$ cat start.json   # JSON, C-alpha atoms and all ligand atoms
[["chain", "number", "residue", "atom", "x", "y", "z"],
["A", 180, "MET", "CA", 6.83, 11.29, 25.46],
["A", 181, "GLN", "CA", 5.67, 7.80, 26.43],
["A", 182, "SER", "CA", 5.90, 5.31, 23.55],
["A", 183, "LYS", "CA", 2.71, 3.75, 22.20],
["A", 184, "LYS", "CA", 2.58, -0.02, 21.98],
["A", 185, "THR", "CA", 1.89, -0.86, 18.34],
["A", 186, "ALA", "CA", 1.14, -4.46, 17.35],
["A", 187, "PHE", "CA", 1.32, -6.01, 13.92],
["A", 188, "ILE", "CA", -1.00, -8.95, 13.37],
["A", 189, "GLY", "CA", 0.60, -10.61, 10.36],
["A", 190, "ALA", "CA", 4.31, -10.01, 9.74],
["A", 191, "GLY", "CA", 4.55, -10.61, 5.99],
["A", 192, "ASN", "CA", 5.78, -8.37, 3.19],
["A", 193, "MET", "CA", 3.61, -5.31, 3.78],
["A", 194, "ALA", "CA", 3.96, -5.48, 7.57],
["A", 195, "ARG", "CA", 7.75, -5.53, 7.23],
["A", 196, "ALA", "CA", 7.59, -2.56, 4.84],
["A", 197, "ILE", "CA", 5.70, -0.60, 7.52],
["A", 198, "MET", "CA", 8.02, -1.77, 10.32],
["A", 199, "ASN", "CA", 10.99, -0.70, 8.18],
["A", 200, "GLY", "CA", 9.37, 2.70, 7.66],
["A", 201, "ILE", "CA", 8.75, 3.23, 11.37],
["A", 202, "CYS", "CA", 12.23, 2.01, 12.37],
["A", 203, "SER", "CA", 13.95, 4.25, 9.82],
["A", 204, "SER", "CA", 12.06, 7.35, 10.96],
["A", 205, "PRO", "CA", 12.17, 9.59, 14.05],
["A", 206, "LEU", "CA", 8.84, 7.95, 15.05],
["A", 207, "LYS", "CA", 10.66, 4.75, 16.06],
["A", 208, "LYS", "CA", 10.75, 6.08, 19.62],
["A", 209, "THR", "CA", 7.02, 6.89, 19.60],
["A", 210, "TYR", "CA", 5.71, 3.55, 18.29],
["A", 211, "LYS", "CA", 7.14, 0.48, 20.05],
["A", 212, "ILE", "CA", 6.66, -2.46, 17.71],
["A", 213, "HIS", "CA", 5.12, -5.74, 18.83],
["A", 214, "VAL", "CA", 4.36, -8.59, 16.49],
["A", 215, "TYR", "CA", 2.21, -11.69, 16.16],
["A", 216, "ASP", "CA", 2.10, -14.04, 13.19],
["A", 217, "VAL", "CA", 0.96, -17.68, 12.89],
["A", 218, "ASN", "CA", 4.29, -18.28, 11.17],
["A", 219, "PRO", "CA", 7.02, -18.28, 13.88],
["A", 220, "ASP", "CA", 9.73, -17.56, 11.28],
["A", 221, "ALA", "CA", 7.97, -14.31, 10.31],
["A", 222, "VAL", "CA", 7.97, -13.28, 13.99],
["A", 223, "LYS", "CA", 11.67, -14.19, 14.39],
["A", 224, "LEU", "CA", 12.58, -12.12, 11.34],
["A", 225, "SER", "CA", 10.77, -9.04, 12.70],
["A", 226, "VAL", "CA", 12.37, -9.49, 16.12],
["A", 227, "LYS", "CA", 15.83, -9.75, 14.54],
["A", 228, "LYS", "CA", 15.47, -7.00, 11.96],
["A", 229, "PHE", "CA", 13.30, -4.46, 13.80],
["A", 230, "LYS", "CA", 13.82, -5.38, 17.46],
["A", 231, "ALA", "CA", 10.07, -6.08, 17.65],
["A", 232, "SER", "CA", 8.67, -7.66, 20.82],
["A", 233, "PRO", "CA", 7.10, -11.03, 20.05],
["A", 234, "LEU", "CA", 3.49, -11.74, 21.06],
["A", 235, "SER", "CA", 1.96, -15.16, 21.50],
["A", 236, "SER", "CA", -1.55, -14.47, 20.16],
["A", 237, "CYS", "CA", -3.87, -11.96, 18.53],
["A", 238, "ALA", "CA", -5.70, -11.68, 21.87],
["A", 239, "GLN", "CA", -2.46, -10.68, 23.63],
["A", 240, "ALA", "CA", -1.82, -8.05, 20.93],
["A", 241, "VAL", "CA", -5.16, -6.39, 21.64],
["A", 242, "SER", "CA", -4.97, -6.61, 25.42],
["A", 243, "GLU", "CA", -1.45, -5.09, 25.55],
["A", 244, "CYS", "CA", -1.29, -2.67, 22.63],
["A", 245, "GLU", "CA", -3.13, 0.55, 21.82],
["A", 246, "ILE", "CA", -2.57, 0.50, 18.04],
["A", 247, "ILE", "CA", -3.13, -2.67, 16.01],
["A", 248, "ILE", "CA", -1.96, -2.93, 12.40],
["A", 249, "LEU", "CA", -3.95, -5.64, 10.64],
["A", 250, "ALA", "CA", -1.59, -6.98, 7.96],
["A", 251, "VAL", "CA", -3.00, -10.43, 7.19],
["A", 252, "LYS", "CA", -4.55, -11.44, 3.86],
["A", 253, "PRO", "CA", -8.25, -10.62, 3.45],
["A", 254, "GLN", "CA", -9.19, -14.32, 3.71],
["A", 255, "ASN", "CA", -7.67, -14.47, 7.23],
["A", 256, "PHE", "CA", -9.77, -11.56, 8.52],
["A", 257, "PRO", "CA", -12.67, -13.62, 9.95],
["A", 258, "GLU", "CA", -10.35, -15.71, 12.20],
["A", 259, "VAL", "CA", -8.34, -12.65, 13.32],
["A", 260, "MET", "CA", -11.47, -10.59, 14.08],
["A", 261, "ALA", "CA", -12.91, -13.54, 16.07],
["A", 262, "SER", "CA", -9.76, -13.72, 18.19],
["A", 263, "ILE", "CA", -9.48, -10.00, 18.98],
["A", 264, "LYS", "CA", -13.10, -8.96, 19.53],
["A", 265, "GLU", "CA", -13.32, -9.86, 23.19],
["A", 266, "ASN", "CA", -10.34, -7.77, 24.37],
["A", 267, "LEU", "CA", -10.93, -4.81, 22.07],
["A", 268, "THR", "CA", -11.59, -1.53, 23.89],
["A", 269, "PRO", "CA", -12.96, 1.78, 22.55],
["A", 270, "LYS", "CA", -9.43, 3.23, 22.94],
["A", 271, "THR", "CA", -7.87, 0.75, 20.48],
["A", 272, "LEU", "CA", -7.04, 1.99, 16.99],
["A", 273, "LEU", "CA", -7.21, -0.63, 14.21],
["A", 274, "ILE", "CA", -5.24, 0.15, 11.06],
["A", 275, "SER", "CA", -6.25, -2.24, 8.27],
["A", 276, "ILE", "CA", -4.30, -2.54, 5.02],
["A", 277, "ALA", "CA", -6.34, -5.44, 3.64],
["A", 278, "ALA", "CA", -7.59, -5.03, 0.07],
["A", 279, "GLY", "CA", -11.37, -5.14, -0.24],
["A", 280, "ILE", "CA", -12.25, -5.31, 3.49],
["A", 281, "SER", "CA", -14.55, -2.37, 4.28],
["A", 282, "ILE", "CA", -14.93, -0.70, 7.66],
["A", 283, "ALA", "CA", -18.55, -2.01, 7.73],
["A", 284, "LYS", "CA", -17.21, -5.55, 7.16],
["A", 285, "ILE", "CA", -14.78, -5.16, 10.07],
["A", 286, "TYR", "CA", -17.66, -3.95, 12.29],
["A", 287, "SER", "CA", -19.88, -6.84, 11.28],
["A", 288, "LEU", "CA", -17.11, -9.41, 11.94],
["A", 289, "LEU", "CA", -16.38, -7.86, 15.35],
["A", 290, "GLY", "CA", -19.93, -7.12, 16.43],
["A", 291, "LYS", "CA", -18.59, -3.78, 17.76],
["A", 292, "ASN", "CA", -17.43, -0.49, 16.28],
["A", 293, "PRO", "CA", -13.85, 0.36, 17.26],
["A", 294, "GLN", "CA", -11.78, 3.21, 15.76],
["A", 295, "VAL", "CA", -10.63, 2.05, 12.31],
["A", 296, "VAL", "CA", -8.36, 3.42, 9.61],
["A", 297, "ARG", "CA", -8.61, 1.66, 6.27],
["A", 298, "VAL", "CA", -5.48, 2.08, 4.17],
["A", 299, "MET", "CA", -4.75, 1.01, 0.59],
["A", 300, "PRO", "CA", -0.94, 1.16, 0.19],
["A", 301, "ASN", "CA", 1.20, -0.23, -2.65],
["A", 302, "THR", "CA", 4.40, -2.27, -2.90],
["A", 303, "PRO", "CA", 6.81, 0.65, -3.41],
["A", 304, "ALA", "CA", 6.19, 1.01, 0.34],
["A", 305, "LEU", "CA", 8.89, -1.70, 0.55],
["A", 306, "VAL", "CA", 11.44, 0.99, -0.38],
["A", 307, "GLY", "CA", 9.73, 3.85, 1.47],
["A", 308, "GLU", "CA", 8.16, 5.19, -1.75],
["A", 309, "GLY", "CA", 4.57, 4.04, -1.24],
["A", 310, "ALA", "CA", 1.42, 5.82, -2.37],
["A", 311, "ALA", "CA", -1.75, 5.27, -0.36],
["A", 312, "GLY", "CA", -5.34, 6.31, 0.00],
["A", 313, "TYR", "CA", -6.92, 6.06, 3.44],
["A", 314, "SER", "CA", -10.25, 6.57, 5.22],
["A", 315, "PHE", "CA", -11.20, 6.97, 8.87],
["A", 316, "SER", "CA", -14.27, 5.53, 10.54],
["A", 317, "ASP", "CA", -16.33, 8.42, 11.94],
["A", 318, "ASN", "CA", -15.26, 7.77, 15.57],
["A", 319, "VAL", "CA", -11.46, 8.09, 15.23],
["A", 320, "SER", "CA", -10.05, 10.53, 17.81],
["A", 321, "ALA", "CA", -7.85, 13.47, 16.77],
["A", 322, "ALA", "CA", -4.89, 11.84, 18.55],
["A", 323, "HIS", "CA", -5.35, 8.55, 16.70],
["A", 324, "LYS", "CA", -5.72, 10.39, 13.36],
["A", 325, "LYS", "CA", -2.31, 11.91, 14.09],
["A", 326, "ASP", "CA", -0.92, 8.45, 14.94],
["A", 327, "ALA", "CA", -2.25, 6.91, 11.71],
["A", 328, "GLU", "CA", -1.00, 9.77, 9.52],
["A", 329, "GLY", "CA", 2.41, 9.72, 11.23],
["A", 330, "ILE", "CA", 2.80, 5.97, 10.68],
["A", 331, "LEU", "CA", 1.64, 6.29, 7.05],
["A", 332, "SER", "CA", 4.20, 9.01, 6.40],
["A", 333, "THR", "CA", 7.03, 6.63, 7.32],
["A", 334, "PHE", "CA", 6.43, 4.29, 4.34],
["A", 335, "CYS", "CA", 4.41, 6.40, 1.89],
["A", 336, "LYS", "CA", 5.65, 9.46, 0.01],
["A", 337, "VAL", "CA", 2.04, 10.31, -0.85],
["A", 338, "SER", "CA", -1.02, 9.50, 1.25],
["A", 339, "VAL", "CA", -4.44, 10.94, 0.55],
["A", 340, "LEU", "CA", -7.42, 11.06, 2.92],
["A", 341, "LEU", "CA", -10.58, 10.08, 1.01],
["A", 342, "GLY", "CA", -14.15, 8.97, 1.55],
["A", 343, "GLU", "CA", -14.26, 5.19, 1.81],
["A", 344, "ASN", "CA", -16.27, 5.01, -1.44],
["A", 345, "LYS", "CA", -13.07, 6.10, -3.26],
["A", 346, "ILE", "CA", -10.81, 3.38, -1.86],
["A", 347, "ASN", "CA", -11.57, 0.87, -4.65],
["A", 348, "ALA", "CA", -10.58, 3.52, -7.21],
["A", 349, "VAL", "CA", -7.29, 3.95, -5.31],
["A", 350, "THR", "CA", -6.85, 0.16, -5.38],
["A", 351, "ALA", "CA", -7.26, 0.22, -9.18],
["A", 352, "LEU", "CA", -4.94, 3.20, -9.70],
["A", 353, "SER", "CA", -2.03, 3.06, -7.26],
["A", 354, "GLY", "CA", -2.67, -0.26, -5.43],
["A", 355, "SER", "CA", -2.47, -2.33, -8.64],
["A", 356, "GLY", "CA", -0.54, 0.43, -10.45],
["A", 357, "PRO", "CA", 2.98, -0.95, -9.84],
["A", 358, "ALA", "CA", 1.96, -4.05, -11.84],
["A", 359, "TYR", "CA", 1.00, -1.84, -14.81],
["A", 360, "ILE", "CA", 4.37, -0.08, -14.66],
["A", 361, "PHE", "CA", 6.26, -3.39, -14.41],
["A", 362, "TYR", "CA", 4.22, -4.71, -17.37],
["A", 363, "PHE", "CA", 5.36, -1.71, -19.40],
["A", 364, "MET", "CA", 8.95, -2.23, -18.21],
["A", 365, "GLU", "CA", 8.82, -5.91, -19.21],
["A", 366, "ALA", "CA", 7.84, -4.94, -22.77],
["A", 367, "MET", "CA", 10.49, -2.20, -22.99],
["A", 368, "LEU", "CA", 13.20, -4.54, -21.67],
["A", 369, "LYS", "CA", 12.22, -7.26, -24.16],
["A", 370, "ALA", "CA", 12.58, -4.78, -27.02],
["A", 371, "ALA", "CA", 15.91, -3.55, -25.58],
["A", 372, "GLY", "CA", 17.19, -7.15, -25.65],
["A", 373, "GLU", "CA", 16.12, -7.51, -29.29],
["A", 374, "LEU", "CA", 18.01, -4.27, -30.00],
["A", 375, "ASN", "CA", 21.17, -5.83, -28.47],
["A", 376, "LEU", "CA", 21.36, -3.70, -25.31],
["A", 377, "ASP", "CA", 22.74, -5.75, -22.42],
["A", 378, "ALA", "CA", 20.37, -6.44, -19.50],
["A", 379, "ALA", "CA", 22.15, -4.22, -16.94],
["A", 380, "THR", "CA", 22.25, -1.23, -19.28],
["A", 381, "ALA", "CA", 18.60, -1.72, -20.27],
["A", 382, "LYS", "CA", 17.52, -1.99, -16.62],
["A", 383, "ALA", "CA", 19.38, 1.16, -15.57],
["A", 384, "LEU", "CA", 18.10, 3.22, -18.52],
["A", 385, "THR", "CA", 14.51, 1.97, -18.19],
["A", 386, "ALA", "CA", 14.30, 2.51, -14.44],
["A", 387, "GLN", "CA", 15.77, 6.01, -14.60],
["A", 388, "THR", "CA", 13.41, 6.88, -17.46],
["A", 389, "PHE", "CA", 10.41, 6.02, -15.23],
["A", 390, "ILE", "CA", 11.87, 7.83, -12.20],
["A", 391, "GLY", "CA", 12.88, 10.89, -14.25],
["A", 392, "SER", "CA", 9.57, 11.10, -16.13],
["A", 393, "ALA", "CA", 7.59, 10.87, -12.89],
["A", 394, "LYS", "CA", 9.75, 13.59, -11.33],
["A", 395, "LEU", "CA", 9.43, 15.81, -14.39],
["A", 396, "PHE", "CA", 5.63, 15.34, -14.30],
["A", 397, "LEU", "CA", 5.52, 16.22, -10.58],
["A", 398, "ASP", "CA", 7.74, 19.28, -10.92],
["A", 399, "SER", "CA", 6.23, 20.60, -14.14],
["A", 400, "GLU", "CA", 3.19, 22.83, -14.48],
["A", 401, "GLU", "CA", 2.34, 21.08, -17.76],
["A", 402, "ASP", "CA", -0.01, 18.12, -18.02],
["A", 403, "ALA", "CA", 1.04, 14.63, -19.15],
["A", 404, "ALA", "CA", -0.23, 15.13, -22.71],
["A", 405, "THR", "CA", 1.85, 18.33, -23.14],
["A", 406, "LEU", "CA", 4.98, 16.69, -21.70],
["A", 407, "ARG", "CA", 4.48, 13.80, -24.15],
["A", 408, "LYS", "CA", 4.02, 16.20, -27.09],
["A", 409, "ASN", "CA", 7.20, 18.04, -26.04],
["A", 410, "VAL", "CA", 9.26, 14.91, -26.79],
["A", 411, "THR", "CA", 7.34, 13.96, -29.93],
["A", 412, "SER", "CA", 8.70, 16.00, -32.82],
["A", 413, "LYS", "CA", 7.07, 15.72, -36.24],
["A", 414, "GLY", "CA", 8.51, 12.88, -38.27],
["A", 415, "GLY", "CA", 10.81, 11.85, -35.40],
["A", 416, "THR", "CA", 11.51, 8.58, -33.58],
["A", 417, "THR", "CA", 9.09, 9.12, -30.69],
["A", 418, "GLU", "CA", 6.29, 9.92, -33.10],
["A", 419, "SER", "CA", 6.69, 6.57, -34.84],
["A", 420, "ALA", "CA", 6.50, 4.80, -31.45],
["A", 421, "ILE", "CA", 3.45, 6.76, -30.26],
["A", 422, "ASN", "CA", 1.67, 6.30, -33.63],
["A", 423, "LEU", "CA", 2.11, 2.55, -33.29],
["A", 424, "MET", "CA", 0.74, 2.58, -29.72],
["A", 425, "GLU", "CA", -2.27, 4.58, -30.90],
["A", 426, "GLN", "CA", -2.88, 2.12, -33.77],
["A", 427, "LYS", "CA", -2.74, -0.75, -31.28],
["A", 428, "ASN", "CA", -5.14, 1.04, -28.92],
["A", 429, "VAL", "CA", -2.70, 0.92, -25.99],
["A", 430, "ARG", "CA", -4.24, 4.06, -24.44],
["A", 431, "GLU", "CA", -7.74, 2.56, -24.51],
["A", 432, "ALA", "CA", -6.47, -0.78, -23.17],
["A", 433, "VAL", "CA", -4.82, 0.95, -20.19],
["A", 434, "ARG", "CA", -7.96, 3.02, -19.47],
["A", 435, "LEU", "CA", -10.16, -0.08, -19.59],
["A", 436, "ALA", "CA", -7.67, -2.05, -17.48],
["A", 437, "VAL", "CA", -7.83, 0.46, -14.61],
["A", 438, "ILE", "CA", -11.64, 0.44, -14.76],
["A", 439, "ALA", "CA", -11.65, -3.40, -14.78],
["A", 440, "ALA", "CA", -9.48, -3.40, -11.63],
["A", 441, "LYS", "CA", -11.96, -1.05, -9.88],
["A", 442, "GLU", "CA", -14.90, -3.26, -10.90],
["A", 443, "ARG", "CA", -13.08, -6.33, -9.55],
["A", 444, "ALA", "CA", -12.40, -4.53, -6.26],
["A", 445, "ASP", "CA", -16.13, -3.71, -6.02],
["A", 446, "GLU", "CA", -17.02, -7.38, -6.62],
["A", 447, "LEU", "CA", -14.46, -8.68, -4.08],
["A", 448, "GLY", "CA", -15.78, -6.29, -1.46],
["A", 449, "LYS", "CA", -19.31, -7.72, -1.65],
["B", 501, "LIG", "N1", 1.26, -6.85, -1.37],
["B", 501, "LIG", "C1", 0.62, -5.79, -1.87],
["B", 501, "LIG", "O1", 0.84, -5.28, -2.97],
["B", 501, "LIG", "C2", -0.45, -5.14, -1.06],
["B", 501, "LIG", "C3", -0.86, -3.85, -1.40],
["B", 501, "LIG", "C4", -1.86, -3.27, -0.63],
["B", 501, "LIG", "C5", -2.42, -3.97, 0.42],
["B", 501, "LIG", "N2", -1.99, -5.24, 0.70],
["B", 501, "LIG", "C6", -2.63, -5.97, 1.79],
["B", 501, "LIG", "O2", -1.67, -6.23, 2.78],
["B", 501, "LIG", "C7", -2.08, -7.40, 3.51],
["B", 501, "LIG", "C8", -0.87, -8.28, 3.74],
["B", 501, "LIG", "O3", -0.32, -8.64, 2.48],
["B", 501, "LIG", "P1", 1.13, -9.29, 2.38],
["B", 501, "LIG", "O4", 1.47, -9.31, 0.93],
["B", 501, "LIG", "O5", 2.04, -8.64, 3.36],
["B", 501, "LIG", "O6", 0.78, -10.79, 2.89],
["B", 501, "LIG", "P2", 1.78, -11.92, 3.44],
["B", 501, "LIG", "O7", 3.18, -11.62, 3.04],
["B", 501, "LIG", "O8", 1.15, -13.24, 3.07],
["B", 501, "LIG", "O9", 1.70, -11.74, 5.04],
["B", 501, "LIG", "C9", 0.61, -12.13, 5.82],
["B", 501, "LIG", "C10", 1.14, -12.86, 7.04],
["B", 501, "LIG", "O10", 0.04, -13.09, 7.93],
["B", 501, "LIG", "C11", 0.17, -14.41, 8.44],
["B", 501, "LIG", "N3", -1.12, -14.87, 8.96],
["B", 501, "LIG", "C12", -2.09, -15.61, 8.35],
["B", 501, "LIG", "N4", -3.12, -15.85, 9.21],
["B", 501, "LIG", "C13", -2.80, -15.22, 10.37],
["B", 501, "LIG", "C14", -3.46, -15.09, 11.63],
["B", 501, "LIG", "N5", -4.65, -15.65, 11.86],
["B", 501, "LIG", "N6", -2.84, -14.41, 12.63],
["B", 501, "LIG", "C15", -1.61, -13.84, 12.41],
["B", 501, "LIG", "N7", -0.94, -13.95, 11.25],
["B", 501, "LIG", "C16", -1.52, -14.61, 10.24],
["B", 501, "LIG", "C17", 0.69, -15.18, 7.26],
["B", 501, "LIG", "O11", 1.20, -16.44, 7.64],
["B", 501, "LIG", "P3", 1.09, -17.67, 6.57],
["B", 501, "LIG", "O12", 1.90, -17.23, 5.37],
["B", 501, "LIG", "O13", 1.66, -18.82, 7.31],
["B", 501, "LIG", "O14", -0.39, -17.81, 6.23],
["B", 501, "LIG", "C18", 1.75, -14.24, 6.73],
["B", 501, "LIG", "O15", 2.97, -14.39, 7.42],
["B", 501, "LIG", "C19", -3.17, -8.09, 2.68],
["B", 501, "LIG", "O16", -4.41, -7.92, 3.32],
["B", 501, "LIG", "C20", -3.16, -7.33, 1.36],
["B", 501, "LIG", "O17", -4.47, -7.20, 0.84],
["B", 501, "LIG", "C21", -1.01, -5.83, 0.00]]
$ encode --input "start.json" --output "structure tokens" --more "lines below"
Ligand SMILES: NC(=O)c1ccc[n+]([C@@H]2O[C@H](COP(=O)([O-])OP(=O)(O)OC[C@H]3O[C@@H](n4cnc5c(N)ncnc54)[C@H](OP(=O)(O)O)[C@@H]3O)[C@@H](O)[C@H]2O)c1
Amino acid sequence: MQSKKTAFIGAGNMARAIMNGICSSPLKKTYKIHVYDVNPDAVKLSVKKFKASPLSSCAQAVSECEIIILAVKPQNFPEVMASIKENLTPKTLLISIAAGISIAKIYSLLGKNPQVVRVMPNTPALVGEGAAGYSFSDNVSAAHKKDAEGILSTFCKVSVLLGENKINAVTALSGSGPAYIFYFMEAMLKAAGELNLDAATAKALTAQTFIGSAKLFLDSEEDAATLRKNVTSKGGTTESAINLMEQKNVREAVRLAVIAAKERADELGK
């Protein structure tokens, strides 16, 4: 099968996570990586680490490559769209991972309606464990849907196709979600220090507790509340911890925090 030229515009953290995913998967032969970034060091790194072919401009990316992965920050979108619009053809597939940039916004910046996939990944993609929601514009071909889903599968363990009106909810849940988990970890590690556990031991036990609990939740037929009750015996240690969290309204704070993130995503998208 002939390989498909795939260009990254922006070669920062998320782009490198995706390049790493592609290069570590059997799809590395299908998608030949090209890269453009305003920062020459970012290009050099991708060339060295992923054997990417360097490009000299956004315009060159679009004139030479069939699939374009837009991995710049949202504030850089206007300049990137301005520099690709001329050479864009109806065959090009744009894959955007930018938070808050809608397909309609991409169309209005370009003044044309190419095939677009909007993806909301998260940082565990850096270790091939990402979770993502994604939406297609209504003109994406079956072949390009297969391309997008194949590429997504190389850096996300879970990816869910959704209507675009759900993407801000995904941003609030799994996009920002790693920060909520790290916040919880920070608090647990602080307590572990106060309880005289050394940092390495506390890190190993905390991390495995999150991994193991998530795996148990995935493999179990029981819901999260039942799994929690299963480890909370009457008068026991867990019960005293959970009672304190309930008194401090931790559950309500987390619920409101996720909703606040969704509302902020809505505002940023306007
Ligand atoms: N990090 C996350 O958790 C996360 C999660 C989901 C989605 N995303 C999305 O992923 C995208 C990339 O995020 P990131 O964290 O990977 O950003 P990043 O590390 O800052 O990478 C962006 C790269 O694009 C370069 N760039 C800026 N303007 C450019 C232009 N006109 N043409 C080509 N390259 C240009 C930047 O160079 P300079 O540094 O020199 O400006 C930088 O090297 C963002 O849109 C973000 O919303 C991120």
$ residues_around --input "start.json" --residues "Ser314 of chain A" --least-positions-apart "2" --cutoff "7 Å" --atoms "all atoms listed in the file" --output "count of residues only"
8
$ atom_distance --input "start.json" --atom1 "atom CA of Met260 of chain A" --atom2 "atom N5 of ligand LIG 501 (chain B)"
8.8 Å
$ closest_atom_pairs --input "start.json" --of "chain A" --to "ligand LIG 501 (chain B)" --cutoff "9 Å" --atoms "only C-alpha atoms and all ligand atoms" --output "CSV"
residue,atom,partner,partner_atom,distance
A:Phe187,CA,B:LIG501,C15,8.5
A:Ile188,CA,B:LIG501,C15,5.0
A:Gly189,CA,B:LIG501,O10,3.5
A:Ala190,CA,B:LIG501,C10,5.0
A:Gly191,CA,B:LIG501,O9,3.2
A:Asn192,CA,B:LIG501,O5,3.8
A:Met193,CA,B:LIG501,O5,3.7
A:Ala194,CA,B:LIG501,O5,5.6
A:Arg195,CA,B:LIG501,O5,7.6
A:Ala196,CA,B:LIG501,O5,8.4
A:Val214,CA,B:LIG501,C15,8.9
A:Tyr215,CA,B:LIG501,C15,5.8
A:Asp216,CA,B:LIG501,N7,3.6
A:Val217,CA,B:LIG501,N7,4.5
A:Asn218,CA,B:LIG501,O13,4.7
A:Pro219,CA,B:LIG501,O13,8.5
A:Asp220,CA,B:LIG501,O15,8.4
A:Ala221,CA,B:LIG501,O15,5.8
A:Val222,CA,B:LIG501,O15,8.3
A:Ser236,CA,B:LIG501,N6,7.6
A:Cys237,CA,B:LIG501,N6,6.5
A:Leu249,CA,B:LIG501,C7,7.6
A:Ala250,CA,B:LIG501,C8,4.5
A:Val251,CA,B:LIG501,O10,4.1
A:Lys252,CA,B:LIG501,O16,3.6
A:Pro253,CA,B:LIG501,O16,4.7
A:Gln254,CA,B:LIG501,O16,8.0
A:Asn255,CA,B:LIG501,N4,5.2
A:Phe256,CA,B:LIG501,N5,7.4
A:Pro257,CA,B:LIG501,N5,8.5
A:Glu258,CA,B:LIG501,N5,5.7
A:Val259,CA,B:LIG501,N5,5.0
A:Met260,CA,B:LIG501,N5,8.8
A:Ser262,CA,B:LIG501,N5,8.4
A:Ser275,CA,B:LIG501,O16,7.8
A:Ile276,CA,B:LIG501,C6,5.0
A:Ala277,CA,B:LIG501,O16,3.2
A:Ala278,CA,B:LIG501,O17,3.9
A:Gly279,CA,B:LIG501,O17,7.3
A:Ile280,CA,B:LIG501,O16,8.3
A:Val298,CA,B:LIG501,C5,7.7
A:Met299,CA,B:LIG501,C4,5.3
A:Pro300,CA,B:LIG501,C4,4.6
A:Asn301,CA,B:LIG501,C3,4.3
A:Thr302,CA,B:LIG501,O1,4.7
A:Pro303,CA,B:LIG501,O1,8.4
A:Ala304,CA,B:LIG501,C3,8.7
A:Ala311,CA,B:LIG501,C4,8.5
A:Thr350,CA,B:LIG501,C4,7.7
A:Gly354,CA,B:LIG501,C3,5.7
A:Ser355,CA,B:LIG501,O1,7.2
A:Pro357,CA,B:LIG501,O1,8.4
$ atom_distance --input "start.json" --atom1 "atom CA of Gln181 of chain A" --atom2 "atom CA of His323 of chain A"
14.7 Å
$ residues_around --input "start.json" --residues "Ile421 of chain A" --least-positions-apart "2" --cutoff "12 Å" --atoms "all atoms listed in the file" --output "list in words"
Ala404, Arg407, Lys408, Val410, Thr411, Ser412, Lys413, Gly414, Gly415, Thr416, Thr417, Glu418, Ser419, Leu423, Met424, Glu425, Gln426, Lys427, Asn428, Val429 and Arg430 of chain A
$ atom_distance --input "start.json" --atom1 "atom CA of Lys284 of chain A" --atom2 "atom CA of Lys449 of chain A"
9.3 Å
$ residues_around --input "start.json" --residues "segment 382-398 of chain A" --least-positions-apart "4" --cutoff "12 Å" --atoms "only C-alpha atoms" --output "list in words"
Glu308, Val337, Pro357, Ile360, Phe361, Phe363, Met364, Glu365, Ala366, Met367, Leu368, Lys369, Ala370, Ala371, Gly372, Leu376, Asp377, Ala378, Asp402, Ala403, Ala404, Thr405, Leu406, Arg407 and Val410 of chain A
$ residues_around --input "start.json" --residues "segment 324-332 of chain A" --least-positions-apart "4" --cutoff "9 Å" --atoms "only C-alpha atoms" --output "list in words"
Ile197, Gly200, Ile201, Leu206, Tyr210, Ile246, Leu272, Ile274, Val296, Val298, Pro300, Ala311, Phe315, Val319, Ser320, Lys336, Val337 and Ser338 of chain A
$ write_last_selection --input "start.json" --atoms "C-alpha atoms" --output "PDB file, keeping the file's coordinate frame"
ATOM      1  CA  ILE A 197       5.700  -0.600   7.520  1.00  0.00           C
ATOM      2  CA  GLY A 200       9.370   2.700   7.660  1.00  0.00           C
ATOM      3  CA  ILE A 201       8.750   3.230  11.370  1.00  0.00           C
ATOM      4  CA  LEU A 206       8.840   7.950  15.050  1.00  0.00           C
ATOM      5  CA  TYR A 210       5.710   3.550  18.290  1.00  0.00           C
ATOM      6  CA  ILE A 246      -2.570   0.500  18.040  1.00  0.00           C
ATOM      7  CA  LEU A 272      -7.040   1.990  16.990  1.00  0.00           C
ATOM      8  CA  ILE A 274      -5.240   0.150  11.060  1.00  0.00           C
ATOM      9  CA  VAL A 296      -8.360   3.420   9.610  1.00  0.00           C
ATOM     10  CA  VAL A 298      -5.480   2.080   4.170  1.00  0.00           C
ATOM     11  CA  PRO A 300      -0.940   1.160   0.190  1.00  0.00           C
ATOM     12  CA  ALA A 311      -1.750   5.270  -0.360  1.00  0.00           C
ATOM     13  CA  PHE A 315     -11.200   6.970   8.870  1.00  0.00           C
ATOM     14  CA  VAL A 319     -11.460   8.090  15.230  1.00  0.00           C
ATOM     15  CA  SER A 320     -10.050  10.530  17.810  1.00  0.00           C
ATOM     16  CA  LYS A 336       5.650   9.460   0.010  1.00  0.00           C
ATOM     17  CA  VAL A 337       2.040  10.310  -0.850  1.00  0.00           C
ATOM     18  CA  SER A 338      -1.020   9.500   1.250  1.00  0.00           C
TER      19      SER A 338
END
$ closest_residue --input "start.json" --among "A:Asn409, A:Asn344, A:Ser182, A:Thr380" --to "Glu245 of chain A" --atoms "all atoms listed in the file"
A:Ser182
$ closest_residue --input "start.json" --among "A:Val295, A:Met198, A:Leu273, A:Ile438" --to "Lys230 of chain A" --atoms "only C-alpha atoms"
A:Met198
$ closest_residue --input "start.json" --among "A:Ala381, A:Tyr359, A:Lys208, A:Ala186" --to "Ala231 of chain A" --atoms "only C-alpha atoms"
A:Ala186
